[in-house]
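Below: input.txt (compact mmCIF, C-alpha atoms)
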```
# COMPACT_ATOMS: atom_id res chain seq x y z
CA MET A 1190 -17.11 -4.90 -16.23
CA ALA A 1191 -14.73 -6.12 -18.88
CA ILE A 1192 -11.50 -7.60 -17.58
CA PHE A 1193 -9.20 -9.34 -20.01
CA LYS A 1194 -6.68 -11.93 -18.96
CA LEU A 1195 -3.07 -10.71 -19.01
CA ASN A 1196 -3.92 -7.15 -20.00
CA GLY A 1197 -1.35 -4.78 -18.61
CA VAL A 1198 2.25 -3.97 -19.55
CA HIS A 1199 5.63 -5.66 -19.34
CA VAL A 1200 7.70 -3.09 -17.48
CA LYS A 1201 11.42 -3.31 -16.76
CA HIS A 1202 11.64 -5.03 -13.40
CA CYS A 1203 14.71 -3.15 -12.09
CA LYS A 1204 14.71 -5.36 -8.98
CA ASN A 1205 18.23 -4.26 -8.12
CA THR A 1206 17.89 -4.96 -4.39
CA ALA A 1207 16.12 -8.34 -4.59
CA LYS A 1208 19.17 -10.23 -3.29
CA LEU A 1209 20.03 -7.68 -0.59
CA LYS A 1210 18.88 -8.64 2.89
CA ALA A 1211 17.48 -5.67 4.78
CA GLU A 1212 19.83 -3.67 7.02
CA ARG A 1213 18.69 -1.85 10.13
CA ILE A 1214 19.49 1.87 10.05
CA PRO A 1215 20.95 3.66 13.09
CA THR A 1216 18.25 5.16 15.29
CA PRO A 1217 17.55 8.65 13.94
CA SER A 1218 17.93 11.65 16.26
CA SER A 1219 14.19 12.31 15.96
CA VAL A 1220 11.10 10.91 14.30
CA THR A 1221 7.97 12.67 13.05
CA ILE A 1222 5.00 10.33 13.39
CA PRO A 1223 1.77 11.39 11.61
CA MET A 1224 -1.56 10.60 13.23
CA SER A 1225 -2.96 9.65 9.83
CA MET A 1226 -1.11 6.83 8.05
CA HIS A 1227 -4.19 4.86 7.15
CA ILE A 1228 -7.50 5.10 5.33
CA GLY A 1229 -10.07 6.53 7.74
CA ALA A 1230 -10.22 8.86 10.74
CA PRO A 1231 -6.93 10.21 12.14
CA SER A 1232 -5.64 8.96 15.47
CA ARG A 1233 -5.76 11.27 18.50
CA PRO A 1234 -2.59 12.13 20.44
CA VAL A 1235 -2.53 10.78 24.01
CA VAL A 1236 0.85 12.26 24.92
CA LYS A 1237 1.94 15.85 25.49
CA VAL A 1238 5.13 17.81 24.95
CA GLY A 1239 7.80 16.77 27.45
CA ASP A 1240 6.48 13.24 28.01
CA GLU A 1241 9.00 10.40 28.07
CA VAL A 1242 8.04 7.56 25.71
CA LYS A 1243 9.34 4.10 24.90
CA VAL A 1244 9.31 1.85 21.83
CA GLY A 1245 5.84 0.38 21.36
CA GLN A 1246 4.14 2.87 23.68
CA LEU A 1247 0.75 4.20 22.58
CA ILE A 1248 1.01 7.84 21.44
CA GLY A 1249 -2.17 8.08 19.36
CA GLU A 1250 -5.45 6.32 20.07
CA ALA A 1251 -7.72 5.23 17.24
CA GLY A 1252 -10.35 7.75 16.15
CA GLN A 1253 -14.01 6.97 15.62
CA GLY A 1254 -14.95 4.28 13.07
CA LEU A 1255 -12.27 3.42 10.51
CA SER A 1256 -9.03 4.11 12.37
CA VAL A 1257 -6.01 2.51 14.07
CA PRO A 1258 -3.77 3.38 17.02
CA VAL A 1259 -0.25 4.76 16.56
CA TYR A 1260 2.81 3.82 18.63
CA SER A 1261 6.22 5.32 19.25
CA SER A 1262 8.99 3.84 17.12
CA VAL A 1263 11.78 5.19 19.36
CA SER A 1264 12.39 5.85 23.03
CA GLY A 1265 12.91 9.45 24.04
CA LYS A 1266 10.99 12.65 24.73
CA VAL A 1267 8.03 14.22 22.94
CA LYS A 1268 9.57 17.37 21.47
CA LYS A 1269 6.44 18.88 19.93
CA ILE A 1270 3.00 18.14 18.58
CA ASP A 1271 2.95 19.70 15.16
CA GLU A 1272 1.26 19.56 11.78
CA LEU A 1273 2.47 18.80 8.28
CA ILE A 1274 0.96 18.81 4.82
CA ASN A 1275 1.12 15.25 3.51
CA VAL A 1276 1.64 14.21 -0.11
CA ALA A 1277 -2.13 14.30 -0.67
CA GLY A 1278 -2.15 17.99 0.28
CA THR A 1279 -3.96 17.37 3.57
CA HIS A 1280 -2.99 18.89 6.92
CA VAL A 1281 -2.04 16.06 9.29
CA GLN A 1282 -1.25 16.26 13.00
CA THR A 1283 2.15 14.80 13.94
CA ILE A 1284 4.07 13.90 17.08
CA VAL A 1285 7.78 14.70 16.98
CA ILE A 1286 9.89 12.55 19.32
CA GLU A 1287 13.52 13.28 20.13
CA SER A 1288 15.29 9.93 20.44
CA ASP A 1289 17.52 9.06 23.38
CA GLY A 1290 19.26 6.41 21.28
CA GLU A 1291 18.46 3.66 23.80
CA GLN A 1292 15.44 2.07 22.07
CA THR A 1293 14.00 1.07 25.44
CA VAL A 1294 10.90 -1.09 24.99
CA ALA A 1295 7.62 -0.28 26.77
CA GLU A 1296 6.95 -2.43 29.87
CA ASP A 1297 3.57 -3.74 28.69
CA ILE A 1298 4.92 -5.41 25.53
CA SER A 1299 4.36 -9.18 25.79
CA PRO A 1300 3.12 -12.06 23.60
CA TYR A 1301 -0.60 -12.74 23.25
CA GLU A 1302 -2.37 -15.92 24.31
CA ILE A 1303 -5.09 -16.38 21.70
CA ASN A 1304 -7.83 -19.02 21.96
CA SER A 1305 -10.74 -17.61 19.95
CA ARG A 1306 -11.66 -15.36 17.05
CA GLU A 1307 -12.82 -12.67 19.49
CA GLU A 1308 -9.48 -12.71 21.32
CA PHE A 1309 -7.62 -12.61 18.02
CA LEU A 1310 -9.56 -9.55 16.81
CA ASP A 1311 -9.31 -7.86 20.21
CA ALA A 1312 -5.54 -8.26 20.05
CA LEU A 1313 -5.36 -6.88 16.50
CA CYS A 1314 -7.28 -3.85 17.73
CA LYS A 1315 -4.07 -2.87 19.57
CA SER A 1316 -1.65 -3.76 16.76
CA GLY A 1317 -1.70 -0.55 14.71
CA ILE A 1318 -1.38 -2.73 11.60
CA VAL A 1319 -2.64 -1.49 8.24
CA GLY A 1320 -2.28 -2.89 4.74
CA LEU A 1321 1.45 -2.66 4.09
CA GLY A 1322 1.27 -3.03 0.33
CA GLY A 1323 0.55 0.68 -0.04
CA ALA A 1324 -3.18 1.24 0.52
CA GLY A 1325 -3.08 1.55 4.31
CA PHE A 1326 -6.50 -0.03 4.96
CA PRO A 1327 -6.85 -0.98 8.66
CA THR A 1328 -6.24 -4.73 8.96
CA LEU A 1329 -8.62 -5.16 11.89
CA VAL A 1330 -11.51 -3.68 9.88
CA LYS A 1331 -10.84 -6.09 7.03
CA LEU A 1332 -10.77 -9.14 9.32
CA ARG A 1333 -13.67 -8.03 11.52
CA ALA A 1334 -16.06 -7.90 8.55
CA ASP A 1335 -18.68 -10.62 7.98
CA VAL A 1336 -16.58 -13.51 6.69
CA SER A 1337 -19.35 -16.09 6.68
CA LYS A 1338 -19.24 -16.31 2.88
CA VAL A 1339 -15.45 -16.15 2.58
CA ASP A 1340 -13.83 -19.35 1.36
CA THR A 1341 -10.36 -18.12 0.33
CA LEU A 1342 -7.52 -16.15 1.90
CA LEU A 1343 -5.46 -14.70 -0.96
CA ILE A 1344 -1.97 -13.47 -0.08
CA ASN A 1345 -0.53 -10.80 -2.35
CA GLY A 1346 3.13 -11.51 -3.07
CA ALA A 1347 3.09 -10.15 -6.61
CA GLU A 1348 5.10 -6.97 -5.93
CA CYS A 1349 4.74 -5.95 -9.57
CA GLU A 1350 6.04 -2.36 -9.36
CA PRO A 1351 9.58 -1.86 -10.70
CA TYR A 1352 12.39 -1.44 -8.15
CA ILE A 1353 10.42 -2.41 -5.03
CA THR A 1354 11.69 -5.57 -3.29
CA SER A 1355 10.64 -5.14 0.35
CA ASP A 1356 7.92 -7.81 0.00
CA THR A 1357 10.43 -10.04 -1.77
CA ARG A 1358 12.74 -9.89 1.25
CA THR A 1359 9.80 -10.62 3.57
CA MET A 1360 8.95 -13.78 1.64
CA ILE A 1361 12.60 -14.91 1.64
CA ASP A 1362 13.83 -13.76 5.06
CA ASP A 1363 10.56 -14.04 7.01
CA ALA A 1364 8.83 -16.90 5.19
CA ASP A 1365 8.06 -18.62 8.51
CA ALA A 1366 6.39 -15.45 9.81
CA VAL A 1367 4.27 -15.23 6.64
CA ALA A 1368 3.24 -18.87 7.07
CA ASP A 1369 2.49 -18.37 10.77
CA GLY A 1370 0.39 -15.28 10.04
CA ILE A 1371 -1.55 -17.30 7.47
CA ARG A 1372 -2.16 -20.08 10.04
CA LEU A 1373 -3.45 -17.59 12.60
CA ILE A 1374 -5.83 -15.82 10.22
CA ALA A 1375 -7.06 -19.04 8.60
CA LYS A 1376 -7.62 -20.67 12.00
CA PHE A 1377 -9.52 -17.89 13.73
CA LEU A 1378 -11.52 -16.85 10.66
CA GLU A 1379 -12.14 -20.49 9.71
CA ILE A 1380 -10.90 -20.17 6.14
CA LYS A 1381 -9.97 -23.47 4.52
CA ASN A 1382 -8.40 -22.36 1.24
CA ILE A 1383 -5.23 -20.25 1.13
CA VAL A 1384 -3.53 -19.08 -2.06
CA VAL A 1385 -0.27 -17.13 -2.18
CA GLY A 1386 0.08 -15.31 -5.51
CA ILE A 1387 3.68 -14.63 -6.59
CA GLU A 1388 4.96 -13.46 -9.98
CA LYS A 1389 7.19 -15.96 -11.77
CA ASN A 1390 10.14 -13.52 -11.75
CA LYS A 1391 10.63 -14.29 -8.04
CA PRO A 1392 11.81 -17.94 -8.00
CA GLU A 1393 13.46 -17.59 -4.56
CA CYS A 1394 10.18 -16.33 -3.08
CA ILE A 1395 8.22 -19.13 -4.73
CA ALA A 1396 10.62 -21.76 -3.32
CA ALA A 1397 10.70 -20.19 0.15
CA MET A 1398 6.92 -19.93 0.42
CA LYS A 1399 6.31 -23.45 -0.88
CA LYS A 1400 8.69 -24.76 1.78
CA ALA A 1401 7.17 -22.65 4.58
CA LEU A 1402 3.61 -23.63 3.63
CA ALA A 1403 4.33 -27.34 3.20
CA ASP A 1404 2.53 -28.23 6.44
CA VAL A 1405 -0.23 -25.60 6.21
CA GLU A 1406 -3.41 -27.44 5.29
CA GLY A 1407 -5.23 -25.98 2.28
CA ALA A 1408 -2.37 -23.65 1.31
CA SER A 1409 -0.84 -23.38 -2.15
CA VAL A 1410 1.38 -21.05 -4.15
CA LYS A 1411 0.00 -19.67 -7.41
CA VAL A 1412 2.76 -18.71 -9.84
CA LEU A 1413 1.55 -15.69 -11.80
CA PRO A 1414 2.78 -14.16 -15.05
CA SER A 1415 5.11 -11.19 -14.60
CA VAL A 1416 2.81 -8.52 -15.95
CA TYR A 1417 2.05 -5.16 -14.37
CA PRO A 1418 -0.30 -4.46 -12.51
CA GLN A 1419 -0.51 -8.04 -11.27
CA GLY A 1420 -0.60 -6.85 -7.66
CA GLY A 1421 -3.75 -4.76 -8.11
CA GLU A 1422 -6.47 -6.32 -5.95
CA LYS A 1423 -9.05 -6.91 -8.68
CA VAL A 1424 -6.37 -8.12 -11.11
CA LEU A 1425 -4.83 -10.46 -8.53
CA VAL A 1426 -8.18 -12.01 -7.60
CA TYR A 1427 -9.02 -12.59 -11.27
CA HIS A 1428 -5.67 -14.08 -12.26
CA SER A 1429 -5.29 -16.17 -9.08
CA LEU A 1430 -8.85 -17.41 -8.64
CA GLY A 1431 -10.73 -16.56 -11.85
CA ARG A 1432 -13.23 -14.41 -9.95
CA VAL A 1433 -14.40 -10.95 -10.98
CA ILE A 1434 -14.94 -8.22 -8.38
CA LYS A 1435 -17.83 -6.23 -9.81
CA GLU A 1436 -17.98 -2.45 -9.88
CA GLY A 1437 -18.56 -1.01 -6.43
CA LYS A 1438 -17.94 -4.38 -4.76
CA LEU A 1439 -15.15 -5.73 -2.56
CA PRO A 1440 -13.23 -9.03 -2.55
CA LEU A 1441 -15.49 -10.09 0.34
CA ASP A 1442 -18.41 -10.01 -2.10
CA CYS A 1443 -16.83 -12.81 -4.12
CA GLY A 1444 -15.69 -14.86 -1.13
CA VAL A 1445 -12.12 -13.60 -0.81
CA ILE A 1446 -9.97 -11.77 1.74
CA VAL A 1447 -6.86 -10.28 0.15
CA MET A 1448 -3.84 -9.49 2.33
CA ASN A 1449 -0.31 -8.36 1.54
CA CYS A 1450 2.43 -10.86 2.47
CA THR A 1451 4.26 -8.36 4.70
CA THR A 1452 1.01 -7.48 6.48
CA VAL A 1453 0.46 -11.16 7.27
CA ALA A 1454 4.03 -11.53 8.57
CA THR A 1455 3.52 -8.46 10.76
CA VAL A 1456 0.34 -9.97 12.23
CA SER A 1457 2.37 -13.02 13.26
CA LYS A 1458 5.17 -10.94 14.81
CA PHE A 1459 2.66 -8.85 16.75
CA ILE A 1460 0.84 -11.86 18.22
CA ARG A 1461 4.10 -13.68 19.05
CA THR A 1462 5.90 -10.68 20.60
CA GLY A 1463 3.25 -8.09 21.45
CA MET A 1464 5.21 -5.39 19.63
CA PRO A 1465 2.85 -3.25 17.53
CA LEU A 1466 3.73 -1.86 14.11
CA VAL A 1467 6.67 0.50 14.73
CA GLU A 1468 9.07 -0.21 11.86
CA LYS A 1469 9.08 -1.02 8.15
CA CYS A 1470 11.30 -2.65 5.55
CA VAL A 1471 11.79 -0.01 2.84
CA THR A 1472 13.47 -0.36 -0.55
CA VAL A 1473 15.70 2.62 -1.39
CA ASP A 1474 16.71 2.73 -5.05
CA GLY A 1475 16.75 4.77 -8.26
CA SER A 1476 19.41 6.20 -10.54
CA ALA A 1477 20.32 9.02 -8.14
CA ILE A 1478 21.01 6.87 -5.06
CA LYS A 1479 24.60 5.75 -4.48
CA GLN A 1480 24.03 2.34 -2.86
CA PRO A 1481 20.52 0.87 -3.35
CA LYS A 1482 19.43 -1.13 -0.31
CA ASN A 1483 16.56 -2.61 1.64
CA LEU A 1484 16.43 -0.95 5.04
CA ILE A 1485 14.57 -1.64 8.29
CA VAL A 1486 13.41 1.79 9.40
CA PRO A 1487 11.54 3.20 12.42
CA ILE A 1488 8.20 4.68 11.35
CA GLY A 1489 8.52 8.45 11.31
CA ALA A 1490 12.22 8.45 10.39
CA PRO A 1491 13.07 11.23 7.93
CA VAL A 1492 13.81 10.11 4.38
CA SER A 1493 17.18 11.83 4.75
CA ALA A 1494 18.20 9.10 7.24
CA LEU A 1495 17.57 6.47 4.56
CA VAL A 1496 19.64 8.41 2.04
CA GLU A 1497 22.50 8.62 4.53
CA ALA A 1498 22.32 4.86 5.16
CA CYS A 1499 22.68 4.34 1.40
CA GLY A 1500 25.81 6.46 1.12
CA GLY A 1501 24.08 9.57 -0.19
CA PHE A 1502 23.43 10.51 -3.81
CA ARG A 1503 25.49 9.77 -6.89
CA GLU A 1504 23.84 12.76 -8.59
CA GLU A 1505 21.36 15.43 -7.62
CA PRO A 1506 17.88 13.87 -7.52
CA ARG A 1507 15.28 15.55 -9.69
CA LYS A 1508 12.41 13.37 -8.49
CA ALA A 1509 11.78 11.52 -5.23
CA LEU A 1510 8.88 9.11 -4.77
CA TYR A 1511 7.06 7.22 -2.05
CA GLY A 1512 6.48 3.88 -3.77
CA GLY A 1513 7.24 2.75 -7.31
CA PRO A 1514 7.62 4.66 -10.59
CA MET A 1515 4.19 3.59 -11.89
CA MET A 1516 1.95 4.60 -8.97
CA GLY A 1517 4.33 6.38 -6.60
CA ILE A 1518 3.65 9.82 -5.10
CA ALA A 1519 6.23 12.62 -5.31
CA LEU A 1520 7.92 13.67 -2.07
CA PRO A 1521 8.22 17.39 -1.33
CA ASP A 1522 11.58 17.12 0.50
CA LEU A 1523 13.90 14.82 2.44
CA THR A 1524 12.34 15.68 5.80
CA SER A 1525 9.24 13.69 4.81
CA PRO A 1526 8.72 10.79 7.25
CA VAL A 1527 8.56 7.07 6.54
CA LEU A 1528 4.93 6.01 6.95
CA LYS A 1529 3.38 2.69 7.92
CA GLN A 1530 2.56 1.96 4.28
CA THR A 1531 5.89 3.17 2.83
CA ASN A 1532 7.39 0.19 1.01
CA ALA A 1533 9.92 2.12 -1.09
CA VAL A 1534 11.55 5.51 -1.57
CA LEU A 1535 13.00 6.10 -5.03
CA PHE A 1536 15.28 8.86 -6.28
CA PHE A 1537 15.79 9.64 -9.95
CA GLY A 1538 18.32 11.86 -11.71
CA LYS A 1539 17.85 14.29 -14.55
CA LYS A 1540 17.59 11.69 -17.34
CA GLU A 1541 14.78 9.65 -15.74
CA ALA A 1542 12.98 12.58 -14.16
CA THR A 1543 12.77 14.84 -17.21
CA PRO A 1544 9.23 14.56 -18.66
CA PRO A 1545 9.06 13.56 -22.36
CA LYS A 1546 7.56 15.90 -24.92
CA VAL A 1547 3.79 15.46 -25.20
CA THR A 1548 2.32 15.27 -28.70
CA PRO A 1549 -1.27 14.93 -30.00
CA CYS A 1550 -3.17 11.66 -29.59
CA ILE A 1551 -2.91 9.52 -32.74
CA LYS A 1552 -5.91 7.30 -31.83
CA CYS A 1553 -3.73 4.17 -31.85
CA GLY A 1554 -5.80 2.43 -29.16
CA ARG A 1555 -2.83 1.13 -27.16
CA CYS A 1556 -4.26 2.59 -23.95
CA VAL A 1557 -7.42 0.54 -24.47
CA ASP A 1558 -5.51 -2.63 -25.40
CA HIS A 1559 -3.38 -2.53 -22.25
CA CYS A 1560 -5.93 -1.38 -19.66
CA PRO A 1561 -6.45 -4.24 -17.15
CA PHE A 1562 -10.18 -3.47 -17.09
CA GLY A 1563 -10.69 -2.78 -20.78
CA LEU A 1564 -11.53 0.88 -20.21
CA ASP A 1565 -11.37 3.45 -23.00
CA PRO A 1566 -9.11 6.31 -21.83
CA THR A 1567 -9.55 8.17 -25.13
CA ALA A 1568 -13.33 8.33 -24.68
CA ILE A 1569 -12.88 9.20 -21.01
CA SER A 1570 -10.62 12.12 -21.94
CA LYS A 1571 -13.16 13.38 -24.47
CA ALA A 1572 -16.03 13.20 -21.93
CA TYR A 1573 -13.91 15.01 -19.35
CA LYS A 1574 -13.05 17.81 -21.77
CA GLU A 1575 -16.74 18.17 -22.61
CA ASN A 1576 -17.69 18.26 -18.90
CA ASP A 1577 -19.94 15.23 -19.41
CA PRO A 1578 -20.07 13.23 -16.13
CA GLU A 1579 -23.01 11.13 -17.33
CA THR A 1580 -20.85 9.71 -20.12
CA LEU A 1581 -17.98 9.22 -17.66
CA GLU A 1582 -20.35 7.13 -15.55
CA LYS A 1583 -21.29 4.99 -18.56
CA LEU A 1584 -17.59 4.59 -19.41
CA LYS A 1585 -17.01 3.16 -15.89
CA VAL A 1586 -14.19 5.61 -15.14
CA ASN A 1587 -14.47 4.79 -11.42
CA LEU A 1588 -13.05 1.35 -12.22
CA CYS A 1589 -9.74 3.00 -13.12
CA MET A 1590 -7.15 1.86 -10.56
CA GLU A 1591 -4.72 4.59 -11.70
CA CYS A 1592 -2.06 1.99 -12.45
CA GLY A 1593 -0.55 4.08 -15.25
CA CYS A 1594 -0.51 1.40 -17.96
CA CYS A 1595 -2.23 3.79 -20.37
CA SER A 1596 0.38 6.51 -19.91
CA TYR A 1597 3.22 3.97 -20.07
CA VAL A 1598 2.26 2.62 -23.52
CA CYS A 1599 1.15 5.94 -25.06
CA PRO A 1600 3.45 6.81 -28.00
CA ALA A 1601 2.37 10.46 -27.71
CA ARG A 1602 3.50 10.47 -24.04
CA ARG A 1603 0.18 11.95 -22.94
CA ASN A 1604 -0.69 12.25 -19.25
CA ILE A 1605 -3.60 9.87 -19.55
CA VAL A 1606 -3.72 8.55 -16.00
CA GLN A 1607 -3.74 12.11 -14.62
CA ARG A 1608 -6.72 12.90 -16.85
CA ASN A 1609 -8.46 9.76 -15.59
CA LYS A 1610 -7.91 10.90 -11.98
CA MET A 1611 -9.50 14.28 -12.71
CA ALA A 1612 -12.36 12.57 -14.53
CA LYS A 1613 -13.01 10.39 -11.48
CA THR A 1614 -13.16 13.50 -9.30
CA MET A 1615 -15.61 15.12 -11.72
CA LEU A 1616 -17.84 12.04 -11.61
CA ARG A 1617 -17.72 11.79 -7.81
CA ASN A 1618 -18.74 15.44 -7.48
CA TYR A 1619 -21.58 14.90 -9.96
CA GLN A 1620 -22.80 11.77 -8.12
CA THR A 1621 -22.68 13.60 -4.77
CA GLU A 1622 -24.75 16.50 -6.11
CA ARG A 1623 -27.19 14.10 -7.78
CA LYS A 1624 -27.68 12.24 -4.51
CA LYS A 1625 -28.35 15.55 -2.71
CA ARG A 1626 -30.97 16.51 -5.33
CA GLU A 1627 -32.65 13.10 -5.10
CA GLU A 1628 -32.79 13.30 -1.29
CA ALA A 1629 -34.17 16.83 -1.45
CA GLN A 1630 -36.92 15.73 -3.85
CA LYS A 1631 -37.70 12.71 -1.69
CA ASN A 1632 -38.05 14.89 1.40
CA GLY A 1633 -40.36 17.29 -0.40
```

Kindly transcribe the structure held in the file into structure tokens.
Amino acid sequence: MAIFKLNGVHVKHCKNTAKLKAERIPTPSSVTIPMSMHIGAPSRPVVKVGDEVKVGQLIGEAGQGLSVPVYSSVSGKVKKIDELINVAGTHVQTIVIESDGEQTVAEDISPYEINSREEFLDALCKSGIVGLGGAGFPTLVKLRADVSKVDTLLINGAECEPYITSDTRTMIDDADAVADGIRLIAKFLEIKNIVVGIEKNKPECIAAMKKALADVEGASVKVLPSVYPQGGEKVLVYHSLGRVIKEGKLPLDCGVIVMNCTTVATVSKFIRTGMPLVEKCVTVDGSAIKQPKNLIVPIGAPVSALVEACGGFREEPRKALYGGPMMGIALPDLTSPVLKQTNAVLFFGKKEATPPKVTPCIKCGRCVDHCPFGLDPTAISKAYKENDPETLEKLKVNLCMECGCCSYVCPARRNIVQRNKMAKTMLRNYQTERKKREEAQKNG
């Protein structure tokens, strides 16, 4: 795999809310909590219509294998168990809870007394915590893996997407919780080296984390160049530690556990209070929103509640996104719920949301020059058009992290990253069929 130092793009930061401490929104009249807000098997409802629930009460138990439990973010009554189509186009079971406005906390919420790695992992099993940087990978699964060869805990504080500042506020407002989460993980997983990677455009975060980590043995802050996609896992590991995660491998394979800074802070809060993951800090911004803010929001709250807390729209939004403008996913409507991994909701007006005119490729090579992994999107596009998955495999299209750098720098405004996504699907289908053929031949 070719990975070239500082490849990527210099995007406009647009960190309009970086200095705005998060505000807690009024409790919404109802929340819609999906049973799938993580990578892996959906959770299974353990409540029924008409049940009274409280904040932090289990409403969905973890499914088989890769899964996490889900908890109520409000107190009130289960109104219905329904289904929605999420932004990936998948049908997801949901629990709709009508809030009583009291936010009464469940009786069994209490701090944990932790004395061993087993007790620490057993506690996390009940936390409902997933990667809060966007991926939604179950935190317990990551920490329960074989860590015998891990020597470094790498904390992702890059937050390289434009507009998003929810991690920034965590590092400033909850620096002690980040540091405490680091202590807990490093202690019970016996990791001696801790590195917190933060882009240099966040001087307040750098100062806050250096202060909070001053008495944490083996911890340091790595100041990273402000280049997108610095927060991508493979990119962060390379630029922070000089290690390359090979194709098909994980950070664990090169001795690293990577965790988002807000995830680590949430681990600390869970252990110290016993309250599972029931709320999120969400950045609300974009040209169409009247008053950009960082908001503390119950999971399952409708996006409309966030808009209301920001004073509504200054103009009709033409595009709404979960996440940032580079890798964000379009929202179908304002009833969409805030998920565990929602770190931002952005709204753009006509000017920003109108797609530019697409013209023919001029073979300038900018997409190759700026790809963090040195991929060749032009060759990938050609192989896709020719229905040639074998060439796509040789071109390492599966390494594409869909960061959008190629589309961003393209002077012809071509939808390169979308073509890469389709090419990856073509290759996966080809590899699946090839594996079936090989197994059939092996079995006679």

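Atom pair CA of Ser1355 in chain A / CA of Glu1388 in chain A: separated by 14.4 Å.
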
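If only C-alpha atoms are the atoms counted, then among A:Arg1623, A:Gln1292, A:Tyr1352, A:Gly1197 the closest residue to Leu1510 in chain A is A:Tyr1352.
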
Query - Test item: residues at most 9 Å from range 1503-1507 of chain A, only C-alpha atoms, excluding those fewer than 2 positions along its chain, as an MDAnalysis selection string - result: chainID A and resid 1476:1480 1500:1501 1509 1536:1543

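Across the structure, CA of Ala1396 in chain A and CA of Val1412 in chain A are spaced 10.7 Å apart.
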
Using all atoms listed in the file, which protein or nucleic acid residues come within 8 Å of Ile1383 in chain A? Drop anything in the same chain fewer than 6 positions from it, and give the result as a compact mmCIF listing (two decimals) with C-alpha atoms, keeping the file's coordinate frame.
```
# COMPACT_ATOMS: atom_id res chain seq x y z
CA THR A 1341 -10.36 -18.12 0.33
CA LEU A 1342 -7.52 -16.15 1.90
CA LEU A 1343 -5.46 -14.70 -0.96
CA ILE A 1344 -1.97 -13.47 -0.08
CA ILE A 1371 -1.55 -17.30 7.47
CA ALA A 1375 -7.06 -19.04 8.60
CA GLY A 1407 -5.23 -25.98 2.28
CA ALA A 1408 -2.37 -23.65 1.31
CA SER A 1409 -0.84 -23.38 -2.15
```

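Shell of Lys1458 in chain A at 9 Å, with all atoms listed in the file counted and residues fewer than 4 places along the chain excluded, is A:Ala1366, A:Asp1369, A:Gly1370, A:Val1453, A:Ala1454, A:Thr1462, A:Gly1463, A:Met1464, A:Pro1465.
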
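The space between CA of Ile1488 in chain A and CA of Asp1289 in chain A spans 15.8 Å.
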
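Using all atoms listed in the file for every distance, the candidate list A:Cys1556, A:Ala1601, A:Met1615, A:Leu1466 yields A:Leu1466 as the residue closest to Leu1247 in chain A.
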
Query raised in the report: Which is closest to Val1330 in chain A among A:Ile1228, A:Ile1361, A:Ala1277, A:Gly1420, if we use only C-alpha atoms?
Result: A:Ile1228

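Between Gly1512 in chain A and the residues A:Gly1322, A:Gly1290, A:Gly1278, A:Pro1578, the shortest atom-to-atom distance, using all atoms listed in the file, involves A:Gly1322.
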
Query raised in the report: Using only C-alpha atoms, which residues sit within 10 Å of range 1423-1438 of chain A once same-chain residues fewer than 6 positions away are excluded, as number ranges by chain?
Result: A: 1190-1197, 1341, 1343-1347, 1384-1387, 1410-1414, 1417, 1444-1447, 1561-1562, 1585, 1587-1588, 1590

Query - For range 1316-1321 of chain A: contacts at 6 Å, all atoms listed in the file, fewer than 2 positions along chain excluded, given as a PyMOL selection string - result: chain A and resi 1257-1259+1313-1314+1323-1328+1452+1465-1466+1530

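Among A:Thr1614, A:Asn1382, A:Gln1419, A:Thr1548, the residue with the shortest atom-to-atom distance to Tyr1573 in chain A, counting only C-alpha atoms, is A:Thr1614.
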